[in-house]
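Inspection log for the structure reproduced underneath, given as structure tokens.
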Amino acid sequence: MEQLTITEKVGANYILLELNGTVTAYTVNELQEKVYNYILDTNVVLDMSQVYQLDSAGVGIIIGAHNDGEGSGTKVYILNPSDYARHSLERTGFMDTFNVISSVMEITNA
């Protein structure tokens, strides 16, 4: 059975969501709710280092949040995507659109 665990941490000007597991059509509901609620008010960092599956539904959540963030003056950051996550994001052709970072220190002055 596919599972996704989301751990939230609050930073100076962002919410960090540590994702562990699969980000698929079967598991994205909680992630979608959290990301879309937070992105209106603050930057959202998705730690994807422990993601071992990312399907089109998961990518769609990230793209939608990215677009919503642009409208509200906030950003979605992808922190240390796993090889699986990186490959899925690259397949979209939008990899250059995403804010991929290796440390939350990269956004503290954003």
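How things are named: the first chain in the structure tokens is A, the next is B, and so on; residues count from 1 in each chain; ligands count from 1 in the order shown.
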
With only C-alpha atoms as the counted atoms, please give the residues lying no more than 10 Å from Gly71 in chain A, apart from itself and same-chain residues fewer than 5 positions off, as a PyMOL selection string. chain A and resi 39-40+65-66

Apply DSSP to the backbone of this structure and, from chain A, keep only the residues in strand (DSSP E or B); write these as a VMD selection string. chain A and resid 4 to 10 14 to 23 43 to 54 76 to 79 99 to 101

What lies within 8 Å of range 86-99 of chain A using only C-alpha atoms, ignoring chain neighbours under 3 positions off, as number ranges by chain? A: 54-55, 59, 66, 75-78, 81-83

Determine, counting only C-alpha atoms, which protein, DNA and RNA residues have an atom within 7 Å of an atom of Leu17 in chain A; residues of the same chain fewer than 5 positions away are not included. Present the result as a ChimeraX atom specification. /A:6-9,45-47

Once you have the residues from the selection above, write them out as an mmCIF file, in the first residue's frame, restricted to N, CA, C and O atoms.
```cif
data_model
loop_
_atom_site.group_PDB
_atom_site.id
_atom_site.type_symbol
_atom_site.label_atom_id
_atom_site.label_comp_id
_atom_site.auth_asym_id
_atom_site.auth_seq_id
_atom_site.Cartn_x
_atom_site.Cartn_y
_atom_site.Cartn_z
ATOM 1 N N ILE A 6 3.870 13.324 6.007
ATOM 2 C CA ILE A 6 4.228 14.735 5.869
ATOM 3 C C ILE A 6 4.532 15.290 7.260
ATOM 4 O O ILE A 6 3.680 15.253 8.143
ATOM 5 N N THR A 7 5.741 15.803 7.423
ATOM 6 C CA THR A 7 6.143 16.437 8.675
ATOM 7 C C THR A 7 6.309 17.929 8.404
ATOM 8 O O THR A 7 7.002 18.315 7.467
ATOM 9 N N GLU A 8 5.669 18.744 9.232
ATOM 10 C CA GLU A 8 5.714 20.195 9.042
ATOM 11 C C GLU A 8 6.706 20.841 10.005
ATOM 12 O O GLU A 8 6.765 20.485 11.171
ATOM 13 N N LYS A 9 7.459 21.807 9.484
ATOM 14 C CA LYS A 9 8.356 22.614 10.309
ATOM 15 C C LYS A 9 8.218 24.057 9.855
ATOM 16 O O LYS A 9 8.102 24.335 8.662
ATOM 17 N N VAL A 45 8.431 25.017 1.272
ATOM 18 C CA VAL A 45 9.579 24.192 0.903
ATOM 19 C C VAL A 45 9.148 22.739 0.991
ATOM 20 O O VAL A 45 8.686 22.282 2.042
ATOM 21 N N LEU A 46 9.291 22.014 -0.115
ATOM 22 C CA LEU A 46 8.971 20.595 -0.149
ATOM 23 C C LEU A 46 10.277 19.810 -0.117
ATOM 24 O O LEU A 46 11.021 19.800 -1.096
ATOM 25 N N ASP A 47 10.564 19.200 1.030
ATOM 26 C CA ASP A 47 11.745 18.345 1.139
ATOM 27 C C ASP A 47 11.381 17.014 0.502
ATOM 28 O O ASP A 47 10.594 16.242 1.048
#
```

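Among the candidate residues A:Glu2, A:Ile62, A:Ser102, A:Asn67, the one lying nearest to Thr22 in chain A is A:Glu2, with distances computed using only C-alpha atoms.
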
Could you give me the residues within range 25-108 of chain A that DSSP places in alpha helix (DSSP H), as number ranges by chain? A: 28-38, 56-72, 83-91
